[in-house]
>>> print(open('model_24.txt').read())   # compact mmCIF, C-alpha atoms
# COMPACT_ATOMS: atom_id res chain seq x y z
CA MET A 272 11.83 -15.24 7.64
CA ASN A 273 9.70 -13.59 10.34
CA LEU A 274 12.64 -11.35 11.17
CA VAL A 275 13.01 -10.44 7.50
CA GLY A 276 9.32 -9.50 7.43
CA LEU A 277 9.66 -7.37 10.54
CA ALA A 278 12.79 -5.63 9.26
CA PHE A 279 11.30 -4.82 5.87
CA GLY A 280 8.07 -3.66 7.50
CA CYS A 281 9.98 -1.34 9.85
CA ALA A 282 12.04 0.11 7.01
CA PHE A 283 8.99 0.57 4.77
CA GLY A 284 6.92 2.20 7.54
CA PHE A 285 9.87 4.44 8.44
CA LEU A 286 10.31 5.61 4.83
CA ILE A 287 6.58 6.19 4.30
CA ALA A 288 6.51 8.47 7.34
CA LEU A 289 9.79 10.11 6.32
CA GLY A 290 8.34 11.00 2.91
CA GLY A 291 5.20 12.41 4.54
CA LEU A 292 3.10 9.83 2.67
CA ASN A 293 1.15 9.09 5.87
CA ASP A 294 -0.31 12.58 5.78
CA TYR A 295 -3.82 12.96 4.32
CA GLU A 296 -3.05 16.41 2.91
CA VAL A 297 0.01 15.11 1.03
CA ILE A 298 -1.84 12.28 -0.73
CA HIS A 299 -4.92 14.44 -1.32
CA ASN A 300 -2.79 17.15 -2.94
CA MET A 301 -1.02 14.45 -4.96
CA LEU A 302 -4.35 13.30 -6.37
CA LEU A 303 -5.39 16.93 -6.95
CA LEU A 304 -2.24 17.16 -9.10
CA GLU A 305 -0.85 19.89 -6.84
CA ASP A 306 1.99 17.93 -5.23
CA PHE A 307 4.18 15.75 -7.43
CA GLN A 308 6.59 14.46 -4.78
CA PRO A 309 4.63 11.22 -4.17
CA TYR A 310 4.71 10.44 -7.90
CA LEU A 311 8.44 11.07 -7.94
CA ILE A 312 8.87 8.80 -4.91
CA MET A 313 6.99 5.96 -6.64
CA GLY A 314 8.73 6.57 -9.96
CA SER A 315 12.24 6.68 -8.51
CA ALA A 316 11.55 3.56 -6.43
CA VAL A 317 10.58 1.67 -9.58
CA ALA A 318 13.54 3.18 -11.46
CA VAL A 319 15.88 1.71 -8.83
CA ALA A 320 14.14 -1.65 -8.35
CA ALA A 321 13.38 -2.55 -11.98
CA PRO A 322 16.97 -2.72 -13.32
CA VAL A 323 18.17 -4.60 -10.23
CA LEU A 324 15.41 -7.19 -10.69
CA TRP A 325 16.15 -7.41 -14.40
CA VAL A 326 19.80 -8.25 -13.72
CA LEU A 327 19.00 -10.68 -10.88
CA GLU A 328 16.46 -12.50 -13.03
CA ARG A 329 18.94 -12.88 -15.89
CA LYS A 330 21.50 -14.29 -13.48
CA HIS A 331 18.93 -16.84 -12.21
CA TRP A 332 19.53 -15.41 -8.76
CA ALA A 333 19.10 -17.91 -5.92
CA THR A 334 17.26 -16.13 -3.10
CA PRO A 335 18.29 -17.25 0.42
CA TYR A 336 14.69 -17.81 1.56
CA GLY A 337 12.63 -18.49 -1.54
CA GLY A 338 14.49 -20.48 -4.18
CA GLU A 339 15.40 -19.09 -7.58
CA LEU A 340 14.05 -15.60 -8.24
CA GLU A 341 10.78 -15.85 -10.09
CA LEU A 342 8.99 -12.62 -10.94
CA ALA A 343 5.30 -13.32 -11.33
CA ARG A 344 3.99 -11.83 -14.55
CA SER A 345 0.50 -12.09 -15.90
CA ARG A 346 -1.77 -10.62 -18.52
CA PRO A 347 -4.27 -8.25 -16.98
CA GLN A 348 -7.73 -9.71 -16.65
CA ARG A 349 -11.05 -8.04 -16.04
CA HIS A 350 -10.99 -8.49 -12.27
CA HIS A 351 -7.58 -6.80 -12.04
CA LEU A 352 -8.88 -3.66 -13.72
CA VAL A 353 -12.33 -3.58 -12.13
CA GLY A 354 -10.70 -4.14 -8.74
CA ALA A 355 -8.14 -1.40 -9.44
CA ALA A 356 -10.92 1.05 -10.34
CA ILE A 357 -12.76 0.23 -7.10
CA PHE A 358 -9.50 0.56 -5.16
CA GLY A 359 -8.80 3.93 -6.81
CA THR A 360 -12.22 5.24 -5.75
CA GLY A 361 -11.59 4.31 -2.11
CA TRP A 362 -8.07 5.73 -2.29
CA ALA A 363 -9.45 9.08 -3.48
CA VAL A 364 -12.03 9.23 -0.67
CA ALA A 365 -9.66 8.20 2.13
CA GLY A 366 -6.58 10.00 0.80
CA THR A 367 -4.40 7.15 1.96
CA CYS A 368 -3.74 3.53 1.02
CA PRO A 369 -3.02 0.33 2.99
CA ALA A 370 0.57 0.90 4.18
CA PRO A 371 0.34 4.70 4.66
CA ALA A 372 -2.93 4.26 6.64
CA LEU A 373 -1.00 2.15 9.15
CA ALA A 374 1.79 4.72 9.23
CA MET A 375 -0.81 7.45 9.75
CA GLY A 376 -2.24 5.66 12.76
CA ALA A 377 1.26 5.09 14.14
CA SER A 378 1.95 8.83 13.96
CA GLY A 379 -0.99 9.47 16.28
CA ALA A 380 -3.67 10.43 13.75
CA TRP A 381 -6.37 8.05 14.96
CA LEU A 382 -8.67 8.47 11.95
CA GLY A 383 -6.02 6.52 10.02
CA LEU A 384 -7.01 3.52 12.13
CA VAL A 385 -10.64 3.96 11.05
CA VAL A 386 -9.40 3.52 7.47
CA VAL A 387 -7.38 0.47 8.59
CA GLY A 388 -10.56 -1.01 10.11
CA GLY A 389 -12.43 -0.41 6.87
CA LEU A 390 -9.60 -2.02 4.89
CA PHE A 391 -9.78 -5.16 7.02
CA ALA A 392 -13.55 -5.36 6.50
CA GLY A 393 -13.30 -4.80 2.75
CA LEU A 394 -10.48 -7.30 2.23
CA PHE A 395 -12.31 -9.86 4.33
CA ALA A 396 -15.57 -9.28 2.44
CA ARG A 397 -13.93 -9.86 -0.94
CA ASP A 398 -12.03 -12.82 0.43
CA SER A 399 -15.29 -14.41 1.47
CA VAL A 400 -16.75 -13.80 -1.98
CA GLU A 401 -13.74 -15.49 -3.56
CA ALA A 402 -13.89 -18.42 -1.19
CA SER A 403 -17.38 -19.18 -2.45
CA SER A 404 -16.52 -18.91 -6.15
CA ALA A 405 -14.21 -21.54 -7.55
CA ASP A 406 -13.06 -19.69 -10.66
CA ALA A 407 -11.48 -16.72 -8.92
CA THR A 408 -7.75 -17.26 -8.75
CA HIS A 409 -5.83 -14.16 -7.78
CA ALA A 410 -2.54 -15.68 -6.82
CA ASP A 411 -0.53 -13.80 -9.44
CA LEU A 412 0.76 -11.09 -7.12
CA ASP A 413 0.90 -13.36 -4.10
CA MET A 414 -1.72 -11.72 -1.97
CA GLY A 415 -1.43 -14.86 0.12
CA GLN A 416 -4.94 -16.16 0.04
CA VAL A 417 -6.77 -17.21 3.13
CA ALA A 418 -9.33 -19.29 1.30
CA THR A 419 -6.98 -21.16 -0.97
CA ALA A 420 -3.46 -21.79 0.28
CA THR A 421 -0.65 -20.54 -1.94
CA MET B 277 12.50 15.52 19.28
CA GLU B 278 12.95 16.96 15.84
CA ILE B 279 15.96 15.08 14.61
CA LEU B 280 14.42 14.41 11.21
CA PRO B 281 12.52 16.85 9.00
CA GLU B 282 8.77 16.46 8.57
CA ARG B 283 9.25 15.59 4.91
CA VAL B 284 12.43 14.28 3.37
CA SER B 285 12.89 14.87 -0.38
CA TRP B 286 11.65 12.32 -2.90
CA PHE B 287 15.13 11.61 -4.26
CA ILE B 288 16.15 10.18 -0.90
CA VAL B 289 12.93 8.37 0.08
CA GLY B 290 12.05 7.00 -3.39
CA PRO B 291 15.30 5.19 -4.21
CA LEU B 292 15.45 3.73 -0.68
CA ILE B 293 11.94 2.29 -1.15
CA GLY B 294 13.22 0.90 -4.46
CA VAL B 295 16.03 -0.83 -2.56
CA LEU B 296 13.42 -2.42 -0.26
CA VAL B 297 11.33 -3.65 -3.20
CA ALA B 298 14.36 -5.19 -4.92
CA GLY B 299 15.72 -6.40 -1.57
CA LEU B 300 12.67 -8.44 -0.57
CA PHE B 301 12.54 -10.04 -4.01
CA ALA B 302 16.28 -10.78 -3.80
CA ILE B 303 16.14 -12.21 -0.28
CA ALA B 304 12.80 -13.98 -0.23
CA ASN B 305 11.38 -13.99 -3.76
CA ARG B 306 8.36 -12.06 -2.50
CA PRO B 307 6.68 -8.76 -3.39
CA LEU B 308 6.54 -6.00 -0.78
CA GLY B 309 2.74 -5.81 -0.87
CA ALA B 310 0.85 -4.15 1.97
CA SER B 311 -2.68 -5.44 1.37
CA GLY B 312 -1.40 -9.02 1.40
CA SER B 313 -0.13 -8.39 4.93
CA TYR B 314 -3.63 -7.33 5.98
CA VAL B 315 -5.03 -10.54 4.50
CA GLN B 316 -2.46 -12.62 6.38
CA THR B 317 -3.15 -10.73 9.60
CA ILE B 318 -6.83 -11.66 9.23
CA ALA B 319 -5.77 -15.29 8.67
CA PHE B 320 -3.55 -15.14 11.76
CA VAL B 321 -6.34 -13.77 13.94
CA ARG B 322 -8.69 -16.50 12.68
CA GLY B 323 -6.09 -19.13 13.58
CA ASP B 324 -5.59 -20.30 9.99
CA LYS B 325 -2.70 -22.77 9.94
CA ARG B 326 -1.65 -21.65 6.45
CA THR B 327 -0.89 -18.11 7.65
CA GLN B 328 2.33 -16.66 6.22
CA THR B 329 3.47 -15.35 9.59
CA TRP B 330 6.28 -13.26 8.15
CA ARG B 331 3.61 -11.05 6.56
CA VAL B 332 2.01 -10.52 9.96
CA TRP B 333 5.42 -9.40 11.24
CA TYR B 334 5.69 -7.17 8.20
CA PHE B 335 2.35 -5.59 9.15
CA VAL B 336 3.59 -4.97 12.71
CA GLY B 337 6.86 -3.62 11.32
CA ILE B 338 5.12 -0.92 9.27
CA LEU B 339 3.52 0.37 12.47
CA LEU B 340 6.78 0.26 14.44
CA GLY B 341 8.86 1.88 11.69
CA ALA B 342 6.35 4.69 11.22
CA LEU B 343 6.13 5.18 14.98
CA LEU B 344 9.90 5.54 15.23
CA ALA B 345 10.03 7.98 12.31
CA SER B 346 7.19 10.04 13.81
CA ILE B 347 9.03 10.29 17.13
CA LEU B 348 12.24 11.42 15.40
CA GLN B 349 10.23 13.90 13.31
CA GLY B 350 8.58 15.31 16.42
CA LYS B 351 5.23 14.49 14.79
CA LEU B 352 3.95 11.90 17.26
CA GLU B 353 0.86 13.42 18.82
CA LEU B 354 -2.65 12.10 19.38
CA ARG B 355 -4.88 13.91 16.91
CA ALA B 356 -7.68 13.13 14.51
CA GLY B 357 -5.97 13.93 11.19
CA TYR B 358 -8.16 14.88 8.21
CA GLU B 359 -8.75 18.42 9.53
CA SER B 360 -10.10 19.75 6.23
CA MET B 361 -12.59 16.88 5.98
CA ILE B 362 -13.77 17.35 9.59
CA ASP B 363 -14.22 21.04 8.83
CA LEU B 364 -16.52 20.17 5.97
CA PHE B 365 -18.36 17.09 7.25
CA SER B 366 -18.09 17.20 11.09
CA LEU B 367 -16.22 14.46 12.94
CA PRO B 368 -18.92 11.73 13.05
CA LEU B 369 -19.61 11.97 9.33
CA THR B 370 -15.85 11.95 8.60
CA VAL B 371 -15.54 8.68 10.52
CA VAL B 372 -18.31 7.16 8.40
CA VAL B 373 -16.83 8.46 5.12
CA LEU B 374 -13.36 7.14 5.99
CA ALA B 375 -14.67 3.74 7.07
CA ILE B 376 -16.53 3.42 3.78
CA GLY B 377 -13.44 4.57 1.88
CA GLY B 378 -11.42 1.86 3.64
CA VAL B 379 -13.97 -0.85 2.87
CA VAL B 380 -14.11 0.14 -0.81
CA MET B 381 -10.31 0.20 -1.01
CA GLY B 382 -9.96 -3.18 0.66
CA TYR B 383 -12.58 -4.80 -1.53
CA GLY B 384 -10.95 -3.43 -4.68
CA ALA B 385 -7.42 -4.35 -3.62
CA ARG B 386 -8.41 -7.95 -2.93
CA MET B 387 -10.27 -8.19 -6.23
CA SER B 388 -7.38 -6.63 -8.12
CA GLY B 389 -4.74 -8.75 -6.39
CA GLY B 390 -2.73 -5.82 -5.08
CA CYS B 391 -2.66 -2.18 -4.05
CA THR B 392 -0.34 0.79 -4.46
CA SER B 393 2.62 -1.24 -3.21
CA GLY B 394 1.83 -4.66 -4.71
CA HIS B 395 0.89 -3.44 -8.18
CA GLY B 396 2.27 0.11 -8.19
CA LEU B 397 5.75 -0.64 -6.85
CA CYS B 398 6.35 -4.38 -7.17
CA GLY B 399 4.29 -5.30 -10.24
CA THR B 400 5.74 -2.44 -12.26
CA SER B 401 9.31 -3.12 -11.06
CA ALA B 402 8.90 -6.75 -12.14
CA ARG B 403 7.57 -5.53 -15.53
CA SER B 404 4.26 -7.32 -15.15
CA MET B 405 1.59 -6.16 -17.60
CA THR B 406 -0.97 -6.59 -14.83
CA GLY B 407 1.09 -4.28 -12.58
CA PHE B 408 1.21 -1.56 -15.24
CA ALA B 409 -2.47 -1.89 -16.18
CA ALA B 410 -3.72 -1.94 -12.58
CA THR B 411 -1.50 1.02 -11.62
CA ALA B 412 -2.64 3.09 -14.59
CA THR B 413 -6.26 2.25 -13.73
CA PHE B 414 -6.22 3.07 -10.01
CA MET B 415 -4.10 6.19 -10.54
CA SER B 416 -6.40 7.67 -13.17
CA VAL B 417 -9.58 6.73 -11.29
CA ALA B 418 -8.21 8.15 -8.01
CA ILE B 419 -7.23 11.43 -9.70
CA ALA B 420 -10.60 11.70 -11.46
CA VAL B 421 -12.59 10.99 -8.27
CA THR B 422 -10.46 13.43 -6.25
CA LEU B 423 -10.96 16.20 -8.81
CA LEU B 424 -14.69 15.42 -8.85
CA LEU B 425 -14.90 15.59 -5.03
CA ASN B 426 -13.00 18.88 -5.14
CA TRP B 427 -15.45 20.28 -7.67
CA MET B 428 -18.52 19.00 -5.83
CA THR B 429 -17.40 20.58 -2.55
CA GLY B 430 -16.55 23.89 -4.17
CA GLY B 431 -12.83 23.39 -3.61
CA ARG B 432 -13.13 22.71 0.13
CA LEU B 433 -11.88 19.15 -0.25
>>> encode(input="model_24.txt", output="C-alpha cells")
Amino acid sequence: MNLVGLAFGCAFGFLIALGGLNDYEVIHNMLLLEDFQPYLIMGSAVAVAAPVLWVLERKHWATPYGGELELARSRPQRHHLVGAAIFGTGWAVAGTCPAPALAMGASGAWLGLVVVGGLFAGLFARDSVEASSADATHADLDMGQVATAT
Amino acid sequence: MEILPERVSWFIVGPLIGVLVAGLFAIANRPLGASGSYVQTIAFVRGDKRTQTWRVWYFVGILLGALLASILQGKLELRAGYESMIDLFSLPLTVVVLAIGGVVMGYGARMSGGCTSGHGLCGTSARSMTGFAATATFMSVAIAVTLLLNWMTGGRL
C-alpha cells in the first residue's frame, strides 16, 4: 500500500506541475476569473472520475487493498461549510492549496514551502482543538485523524 | 531540459487527474486527498502508531512527481515565486502573509474535512452532498476574497 501511495503521489504531483497549477500567477488569475484552465482541469477530472465510480459502485467492486468500494457520502454540516469558507480565504491569500504548494516548493519556488509550513501549523492547530472536543467527528472524507484513529 | 511544455492543456491534464481519483478509489477505496496526507505526516513525525504510512508516502510522492515534471519542463530553478506580491509587500512581509494564508487554509481544511482535492475532486466525483457544498463554498469565498484583494490593492494583486 505504501508503494501505491508513492505512485499516486508522484503521478498527482507530476500532473499538477504539468498543468501549471503550482504557479501562483495561474491560481491567482483563476480566482480573478481571468484564467479558466484550472476550472476546466477540475471539471474534466470529475467528469472522468464520477461515471467510473458510479459504475464500480453499482458492480460492488472489490478493491484489492480496501475491501468493497464504499464511497463516503454525508449531508453537509455547519463545520464543513464554515471550514470551507475559512479554507477559501486562505486559498485566496496564498494563491495555492495543499498539493500545489508542495509542487511549487518542488519546482524551486521556496515561498511555496512557507505556505506548506503554515498548512502544517494550521492543520495541527485544528487537530488539537478537535482532540479536546468530543463531539467533533470529521471522519466522513477520511482525513485520517491523528486524535481519533479511523 | 525542456522536454515538456510549461503548461499542458487542460484536456490532457484534467482527465488524467480524473483517472487518478477513480484509480485510488478502485485500488484502495480511498480518496486522493492532499490535506489528509499532511495530517498523517504530522502523525508520522510525532511517532503516532496509528499513522497511515501510505499517506506519508503519498506526500513524498507529490514532491518527487512535481520535481521530475519541473526538471522536464526546464522550470527547476531556486527562486522565491510570488513576484507580484513581493513587488507590492516586500519579501519579509510576503513571507508573513503567506505563512498566515497557509495557517488559515490548514485550519479550515481540517475543520471542513477536506481541501480542493478531498472535497473538490473526490467528494464531488463520489457525488457526496458535502463535497458539492464545501466546493461551492470555498470556490465562491476564494473568488470573492481574491477580487476584494485586487480591488483593495488597486489591481496590483
>>> residues_near_point(input="model_24.txt", point="(-0.6, -4.5, 5.0)", cutoff="7 Å", atoms="all atoms listed in the file", output="VMD selection string")
(chain A and resid 369 to 370) or (chain B and resid 309 to 314 335)
>>> closest_residue(input="model_24.txt", among="A:Gly361, A:Gly383, A:Gly314, A:Pro371", to="B:Met381", atoms="only C-alpha atoms")
A:Gly361
>>> residues_around(input="model_24.txt", residues="B:Leu300", least_positions_apart="3", cutoff="12 Å", atoms="all atoms listed in the file", output="VMD selection string")
(chain A and resid 272 275 to 280 282 to 283 320 323 to 324 334 to 337 340 342) or (chain B and resid 293 to 297 303 to 309 330 to 331 334 398)
>>> closest_residue(input="model_24.txt", among="B:Thr370, B:Ser416, B:Ser388, B:Thr411", to="chain A", atoms="only C-alpha atoms")
B:Ser388
>>> residues_around(input="model_24.txt", residues="B:Val372", least_positions_apart="2", cutoff="12 Å", atoms="only C-alpha atoms", output="count of residues only")
21
>>> residues_around(input="model_24.txt", residues="A:Pro309", least_positions_apart="5", cutoff="10 Å", atoms="only C-alpha atoms", output="list in words")
Gly290, Gly291, Leu292, Val297, Ile298, Asn300, Met301, Leu302, Gly314 and Ser315 of chain A; Ser285, Trp286, Val289 and Gly290 of chain B
>>> write_last_selection(input="model_24.txt", atoms="C-alpha atoms", output="mmCIF file, keeping the file's coordinate frame")
data_model
loop_
_atom_site.group_PDB
_atom_site.id
_atom_site.type_symbol
_atom_site.label_atom_id
_atom_site.label_comp_id
_atom_site.auth_asym_id
_atom_site.auth_seq_id
_atom_site.Cartn_x
_atom_site.Cartn_y
_atom_site.Cartn_z
ATOM 1 C CA GLY A 290 8.340 11.000 2.910
ATOM 2 C CA GLY A 291 5.200 12.410 4.540
ATOM 3 C CA LEU A 292 3.100 9.830 2.670
ATOM 4 C CA VAL A 297 0.010 15.110 1.030
ATOM 5 C CA ILE A 298 -1.840 12.280 -0.730
ATOM 6 C CA ASN A 300 -2.790 17.150 -2.940
ATOM 7 C CA MET A 301 -1.020 14.450 -4.960
ATOM 8 C CA LEU A 302 -4.350 13.300 -6.370
ATOM 9 C CA GLY A 314 8.730 6.570 -9.960
ATOM 10 C CA SER A 315 12.240 6.680 -8.510
ATOM 11 C CA SER B 285 12.890 14.870 -0.380
ATOM 12 C CA TRP B 286 11.650 12.320 -2.900
ATOM 13 C CA VAL B 289 12.930 8.370 0.080
ATOM 14 C CA GLY B 290 12.050 7.000 -3.390
#
>>> closest_residue(input="model_24.txt", among="B:Gly299, B:Gly323, B:Gly350, B:Gly384", to="chain A", atoms="only C-alpha atoms")
B:Gly384
>>> closest_residue(input="model_24.txt", among="A:Glu328, A:Leu384, A:Asn293, A:Asn273", to="chain B", atoms="only C-alpha atoms")
A:Asn273
>>> residues_around(input="model_24.txt", residues="A:His351", least_positions_apart="3", cutoff="10 Å", atoms="all atoms listed in the file", output="number ranges by chain")
A: 346-348, 354-356, 409; B: 384-390, 395, 406-407, 409-411, 413
>>> atom_distance(input="model_24.txt", atom1="atom CA of B:Ser401", atom2="atom CA of B:Leu292")
13.9 Å
>>> closest_residue(input="model_24.txt", among="B:Gly399, B:Ser393, B:Ile279, B:Leu433", to="B:Tyr358", atoms="all atoms listed in the file")
B:Leu433
>>> atom_distance(input="model_24.txt", atom1="atom CA of B:Leu348", atom2="atom CA of B:Glu278")
5.6 Å
>>> atom_distance(input="model_24.txt", atom1="atom CA of A:Gly379", atom2="atom CA of B:Gly357")
8.4 Å
>>> residues_around(input="model_24.txt", residues="B:Ser346", least_positions_apart="4", cutoff="9 Å", atoms="only C-alpha atoms", output="number ranges by chain")
A: 285, 288-289, 374, 377-379; B: 280, 282, 341-342, 350-353
>>> closest_residue(input="model_24.txt", among="A:Thr367, A:Ala372, A:Leu274, A:Gly393", to="chain B", atoms="all atoms listed in the file")
A:Gly393
